[in-house]
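Reproduced below: model_39.csv, with CSV, C-alpha atoms (C1' of nucleotides).
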```
chain,number,residue,atom,x,y,z
A,12,MET,CA,71.9,-55.8,-15.5
A,13,THR,CA,71.6,-52.3,-14.3
A,14,SER,CA,72.5,-49.2,-16.2
A,15,LEU,CA,74.8,-46.8,-14.5
A,16,PRO,CA,73.2,-43.5,-13.4
A,17,ARG,CA,74.2,-40.2,-15.0
A,18,ALA,CA,75.8,-39.2,-11.7
A,19,PHE,CA,78.3,-42.0,-12.1
A,20,TYR,CA,79.8,-40.3,-15.1
A,21,ARG,CA,79.6,-36.7,-13.8
A,22,ARG,CA,82.9,-36.9,-12.0
A,23,HIS,CA,86.6,-36.6,-12.7
A,24,PRO,CA,87.7,-39.2,-15.2
A,25,ALA,CA,90.5,-40.4,-13.0
A,26,GLN,CA,87.8,-41.4,-10.5
A,27,VAL,CA,85.4,-42.8,-13.1
A,28,ALA,CA,88.0,-44.8,-15.1
A,29,PRO,CA,89.0,-47.5,-12.6
A,30,GLU,CA,85.3,-47.9,-11.7
A,31,LEU,CA,84.5,-48.7,-15.3
A,32,LEU,CA,86.6,-51.8,-15.1
A,33,ASN,CA,84.5,-55.0,-15.2
A,34,LYS,CA,81.4,-53.1,-16.5
A,35,LEU,CA,79.8,-54.4,-19.6
A,36,LEU,CA,79.7,-52.5,-23.0
A,37,LEU,CA,76.5,-53.5,-24.9
A,38,ARG,CA,75.4,-53.2,-28.5
A,39,ASP,CA,71.8,-53.6,-29.5
A,40,ASP,CA,72.8,-56.5,-31.8
A,41,GLY,CA,73.9,-58.7,-29.0
A,42,ARG,CA,77.6,-57.9,-28.9
A,43,VAL,CA,78.8,-57.7,-25.2
A,44,GLY,CA,82.2,-57.0,-23.9
A,45,ARG,CA,83.6,-56.6,-20.4
A,46,ILE,CA,85.7,-53.4,-20.0
A,47,VAL,CA,89.2,-54.5,-18.9
A,48,GLU,CA,91.4,-51.5,-19.8
A,49,VAL,CA,90.8,-47.7,-19.6
A,50,GLU,CA,92.5,-44.4,-19.7
A,51,ALA,CA,91.5,-41.0,-18.2
A,52,TYR,CA,91.7,-37.8,-20.2
A,53,ALA,CA,91.0,-34.6,-18.3
A,54,GLY,CA,90.3,-31.6,-20.6
A,55,SER,CA,92.0,-28.3,-20.0
A,56,GLU,CA,94.1,-29.8,-17.2
A,57,ASP,CA,95.5,-32.5,-19.4
A,58,PRO,CA,97.8,-31.7,-22.4
A,59,ALA,CA,97.3,-35.1,-23.8
A,60,ALA,CA,93.5,-34.7,-24.0
A,61,HIS,CA,91.9,-33.9,-27.4
A,62,THR,CA,89.9,-31.2,-25.5
A,63,PHE,CA,93.0,-29.5,-24.0
A,64,ARG,CA,92.9,-26.6,-26.4
A,65,GLY,CA,89.2,-26.1,-26.3
A,66,ARG,CA,86.2,-27.0,-28.3
A,67,THR,CA,86.5,-28.0,-32.0
A,68,VAL,CA,84.2,-29.7,-34.5
A,69,ARG,CA,85.9,-33.1,-33.8
A,70,ASN,CA,85.8,-33.1,-30.0
A,71,ALA,CA,82.4,-31.4,-29.5
A,72,SER,CA,80.7,-34.4,-27.9
A,73,MET,CA,83.5,-34.7,-25.3
A,74,PHE,CA,82.4,-31.3,-24.0
A,75,GLY,CA,78.8,-32.7,-23.6
A,76,ASP,CA,77.2,-34.2,-20.5
A,77,GLY,CA,78.7,-37.2,-18.8
A,78,GLY,CA,77.4,-40.6,-19.8
A,79,HIS,CA,77.6,-40.1,-23.6
A,80,LEU,CA,80.0,-41.5,-26.1
A,81,TYR,CA,82.8,-39.6,-27.8
A,82,VAL,CA,84.0,-41.4,-30.9
A,83,TYR,CA,86.9,-40.1,-32.9
A,84,PHE,CA,88.8,-41.3,-36.0
A,85,SER,CA,92.4,-42.1,-35.5
A,86,TYR,CA,95.5,-42.5,-37.7
A,87,GLY,CA,93.4,-42.5,-40.8
A,88,MET,CA,92.1,-46.0,-40.1
A,89,HIS,CA,90.6,-46.6,-36.7
A,90,TRP,CA,87.7,-45.5,-34.6
A,91,ALA,CA,88.0,-45.2,-30.8
A,92,ALA,CA,85.4,-44.7,-28.1
A,93,ASN,CA,85.3,-42.8,-24.9
A,94,ALA,CA,82.8,-42.5,-22.1
A,95,VAL,CA,82.3,-38.7,-21.6
A,96,CYS,CA,82.8,-37.7,-18.0
A,97,GLY,CA,82.2,-34.7,-15.8
A,98,GLU,CA,79.8,-31.9,-16.3
A,99,ILE,CA,78.8,-30.1,-19.6
A,100,GLY,CA,81.8,-28.1,-20.8
A,101,GLN,CA,84.6,-29.9,-19.0
A,102,GLY,CA,85.8,-32.0,-21.8
A,103,PHE,CA,86.5,-35.0,-19.6
A,104,GLY,CA,86.5,-38.6,-20.9
A,105,VAL,CA,87.6,-42.2,-20.4
A,106,LEU,CA,89.1,-44.0,-23.4
A,107,LEU,CA,87.8,-47.6,-23.6
A,108,ARG,CA,91.0,-49.5,-24.5
A,109,ALA,CA,90.1,-53.1,-24.2
A,110,LEU,CA,87.2,-55.6,-23.8
A,111,GLU,CA,87.0,-59.2,-22.8
A,112,PRO,CA,84.4,-60.6,-25.3
A,113,VAL,CA,81.4,-61.9,-23.5
A,114,ASP,CA,78.6,-62.4,-26.1
A,115,GLY,CA,78.1,-62.0,-29.8
A,116,LEU,CA,81.5,-63.4,-30.5
A,117,ASP,CA,80.4,-64.5,-34.0
A,118,LEU,CA,79.6,-60.9,-34.9
A,119,MET,CA,82.9,-59.7,-33.4
A,120,ARG,CA,84.9,-62.2,-35.4
A,121,GLN,CA,83.0,-61.2,-38.5
A,122,ALA,CA,84.0,-57.6,-37.9
A,123,ARG,CA,87.6,-58.4,-37.1
A,124,SER,CA,88.6,-61.0,-39.6
A,125,LYS,CA,92.3,-60.3,-38.9
A,126,ALA,CA,91.9,-61.5,-35.3
A,127,ARG,CA,93.0,-65.1,-35.0
A,128,ARG,CA,92.6,-65.4,-31.2
A,129,THR,CA,89.7,-64.3,-29.0
A,130,GLN,CA,92.2,-62.1,-27.1
A,131,ASP,CA,92.9,-60.2,-30.3
A,132,LEU,CA,89.3,-59.2,-30.9
A,133,ALA,CA,89.1,-56.1,-28.7
A,134,SER,CA,92.5,-55.7,-27.1
A,135,GLY,CA,93.2,-52.1,-28.1
A,136,PRO,CA,91.0,-49.0,-28.7
A,137,GLY,CA,90.9,-49.5,-32.5
A,138,ARG,CA,90.2,-53.2,-32.2
A,139,LEU,CA,87.5,-52.6,-29.6
A,140,ALA,CA,85.6,-50.2,-31.8
A,141,GLN,CA,85.9,-52.5,-34.8
A,142,ALA,CA,84.8,-55.5,-32.8
A,143,MET,CA,81.7,-53.7,-31.4
A,144,GLY,CA,80.9,-52.0,-34.7
A,145,ILE,CA,81.3,-48.5,-33.2
A,146,ASP,CA,82.0,-45.7,-35.6
A,147,ARG,CA,81.0,-42.1,-36.3
A,148,ARG,CA,77.3,-42.9,-36.1
A,149,PHE,CA,77.7,-43.5,-32.4
A,150,ASP,CA,79.4,-40.2,-31.6
A,151,GLY,CA,77.3,-38.6,-28.9
A,152,ALA,CA,75.2,-41.8,-28.1
A,153,ASP,CA,73.7,-41.9,-24.7
A,154,LEU,CA,75.4,-44.6,-22.6
A,155,VAL,CA,72.8,-44.4,-19.8
A,156,THR,CA,69.6,-44.9,-21.8
A,157,GLY,CA,71.2,-46.9,-24.7
A,158,ALA,CA,68.7,-45.1,-27.0
A,159,GLN,CA,71.3,-45.1,-29.9
A,160,GLY,CA,72.2,-48.8,-29.6
A,161,VAL,CA,75.1,-48.7,-27.2
A,162,CYS,CA,75.2,-48.6,-23.4
A,163,ILE,CA,77.3,-49.5,-20.4
A,164,VAL,CA,75.7,-51.7,-17.6
A,165,SER,CA,76.8,-53.6,-14.5
A,166,ASP,CA,76.1,-57.3,-14.1
A,167,GLY,CA,77.2,-57.1,-10.5
A,168,VAL,CA,80.9,-57.9,-11.0
A,169,GLU,CA,82.9,-55.3,-9.0
A,170,PRO,CA,85.9,-53.5,-10.3
A,171,PRO,CA,89.2,-55.1,-9.2
A,172,LEU,CA,90.2,-54.2,-5.7
A,173,GLN,CA,93.8,-53.6,-6.9
A,174,PRO,CA,93.8,-52.6,-10.6
A,175,VAL,CA,97.1,-52.3,-12.4
A,176,VAL,CA,97.9,-48.6,-12.7
A,177,GLY,CA,100.4,-46.9,-15.0
A,178,PRO,CA,101.2,-44.3,-17.6
A,179,ARG,CA,99.0,-43.9,-20.7
A,180,VAL,CA,99.8,-45.5,-24.0
A,181,GLY,CA,100.6,-43.8,-27.3
A,182,ILE,CA,100.8,-40.2,-26.1
A,183,THR,CA,103.7,-37.7,-26.2
A,184,LYS,CA,102.5,-35.1,-23.6
A,185,ALA,CA,101.9,-35.6,-19.9
A,186,VAL,CA,103.3,-39.1,-20.3
A,187,ASP,CA,104.0,-39.5,-16.6
A,188,LEU,CA,100.5,-39.2,-15.3
A,189,PRO,CA,99.4,-42.7,-14.1
A,190,TRP,CA,96.0,-42.6,-15.8
A,191,ARG,CA,95.8,-46.0,-17.3
A,192,TRP,CA,94.1,-48.8,-15.4
A,193,HIS,CA,93.5,-52.4,-16.3
A,194,VAL,CA,92.3,-55.7,-14.7
A,195,PRO,CA,95.3,-57.6,-13.4
A,196,ASP,CA,96.3,-60.8,-15.3
A,197,ASN,CA,93.6,-60.4,-17.9
A,198,PRO,CA,94.7,-61.7,-21.4
A,199,HIS,CA,92.4,-59.3,-23.2
A,200,VAL,CA,94.3,-56.2,-22.1
A,201,SER,CA,96.2,-54.5,-25.0
A,202,LYS,CA,99.8,-55.4,-25.4
A,203,ARG,CA,102.1,-52.4,-25.1
A,204,ARG,CA,104.6,-52.0,-27.9
A,205,PRO,CA,108.0,-51.9,-26.1
A,206,LEU,CA,108.9,-48.3,-25.6
A,207,ARG,CA,111.4,-47.0,-28.1
A,208,ARG,CA,114.8,-46.8,-26.4
A,209,THR,CA,115.9,-43.2,-26.0
A,210,GLU,CA,119.6,-43.3,-27.0
B,25,DT,C1',95.7,-23.2,-48.4
B,26,DT,C1',99.1,-25.9,-46.4
B,27,DG,C1',101.2,-29.5,-43.8
B,28,DA,C1',102.6,-31.8,-39.6
B,29,DG,C1',101.0,-34.9,-36.5
B,30,DG,C1',98.1,-38.2,-34.4
B,31,DA,C1',94.6,-41.4,-27.5
B,32,DT,C1',96.8,-47.3,-33.7
B,33,DT,C1',97.3,-51.7,-35.9
B,34,DC,C1',99.4,-54.9,-38.9
B,35,DT,C1',103.1,-57.0,-41.3
B,36,DC,C1',107.7,-57.8,-42.3
C,13,DA,C1',111.0,-51.2,-37.7
C,14,DG,C1',108.1,-49.3,-41.1
C,15,DA,C1',103.8,-48.8,-43.6
C,16,DA,C1',99.1,-47.8,-44.0
C,17,DT,C1',96.0,-43.8,-44.4
C,18,DC,C1',93.3,-39.5,-43.8
C,19,DC,C1',91.2,-36.3,-40.9
C,20,DT,C1',92.0,-32.2,-38.0
C,21,DC,C1',93.5,-27.9,-36.8
C,22,DA,C1',96.7,-24.2,-36.3
C,23,DA,C1',99.2,-21.1,-38.8
C,24,DA,C1',100.2,-18.5,-42.7
```
Structure rendered as structure tokens:
Amino acid sequence: MTSLPRAFYRRHPAQVAPELLNKLLLRDDGRVGRIVEVEAYAGSEDPAAHTFRGRTVRNASMFGDGGHLYVYFSYGMHWAANAVCGEIGQGFGVLLRALEPVDGLDLMRQARSKARRTQDLASGPGRLAQAMGIDRRFDGADLVTGAQGVCIVSDGVEPPLQPVVGPRVGITKAVDLPWRWHVPDNPHVSKRRPLRRTE
DNA sequence: TTGAGGATTCTC
DNA sequence: AGAATCCTCAAA
């Protein structure tokens, strides 16, 4: 298990995102998940990014240094976690969209009583945060040192040579950018709701 | 002060 | 397909 150096994160999110596939997200209580789905969000160059229109109270941590966590509250119900990327002030990040549960499954099931199958535990950004117990307290946490109880490490498994690439989910702006990546044929990737037919 | 919209999930 | 649910931020 080796933690990823700060320099790993201090790059463009479209470069970092696919390399985060197959890395491990760790909690200090033993919960471990393998990252199998991610999306890149690129600050002022990306209309779909929370940071597109500049710094606010909510997105402040996304403007911080790479290798920290940006946690936000979504749709009045869910938390979601991003790995902040780039340099201070850029507002780059990678949304962690799905995990394959690896360890601490009992705690994950406890946190996600609605999930019947293992593949429902963390297949989606809201589910992922709930399964890992990530909420507002972890906003700004250092993913390199793990000092706040959450970190990302490598166990030597390489990212997929040919990840599945496609448009991001659940956004209405910059919908055509192919900034979503996932591990091919992995059952823990989030299921896309079929796109609403445009009449 | 207001209100529209949102990087979603669950159930029907 | 619709509901749940509430925070954020721009605009007035």
Between segment 100-148 of chain A and segment 29-35 of chain B, at 9 Å or less, what are the per-residue closest atom pairs and their distances in Å? Count only C-alpha atoms (C1' of nucleotides), order by chain and rising residue number, and return it as JSON lines.
```
{"residue": "A:Leu106", "atom": "CA", "partner": "B:DA31", "partner_atom": "C1'", "distance": 7.3}
{"residue": "A:Lys125", "atom": "CA", "partner": "B:DC34", "partner_atom": "C1'", "distance": 8.9}
{"residue": "A:Gly135", "atom": "CA", "partner": "B:DT32", "partner_atom": "C1'", "distance": 8.2}
{"residue": "A:Pro136", "atom": "CA", "partner": "B:DT32", "partner_atom": "C1'", "distance": 7.8}
{"residue": "A:Gly137", "atom": "CA", "partner": "B:DT32", "partner_atom": "C1'", "distance": 6.4}
{"residue": "A:Arg138", "atom": "CA", "partner": "B:DT33", "partner_atom": "C1'", "distance": 8.1}
```
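Distance check against Ala152 of chain A using all atoms listed in the file: of A:Asn197, A:Thr62, A:Ser55, A:Ser72, the minimum falls on A:Ser72.
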Between atom CA of Pro24 of chain A and atom CA of His193 of chain A lies a distance of 14.5 Å
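Proximity ranking of A:Ile163, A:Val168, A:Val82, A:Val180 relative to Leu37 of chain A places A:Ile163 first, based on all atoms listed in the file.
Counting only C-alpha atoms (C1' of nucleotides), every residue of chain A that comes within 7 Å of chain C is listed here: Tyr86, Gly87 and Met88 of chain A.
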Quick one: everything within 9 Å of Ser165 of chain A, counting only C-alpha atoms (C1' of nucleotides), minus sequence neighbours fewer than 2 positions away in the same chain. Send it as a VMD selection string.
-> chain A and resid 12 to 15 33 to 35 163 167 to 169
re atom CA of Asp166 of chain A and atom CA of Ala140 of chain A: distance 21.3 Å
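Residues in contact with Ala18 of chain A at up to 10 Å, not including ones fewer than 5 positions away on its chain and judged by only C-alpha atoms (C1' of nucleotides), are Gly77, Gly78, Cys96, Gly97 and Glu98 of chain A.
Put simply, atom CA of Asn93 of chain A is 5.6 Å away from atom CA of Leu80 of chain A.
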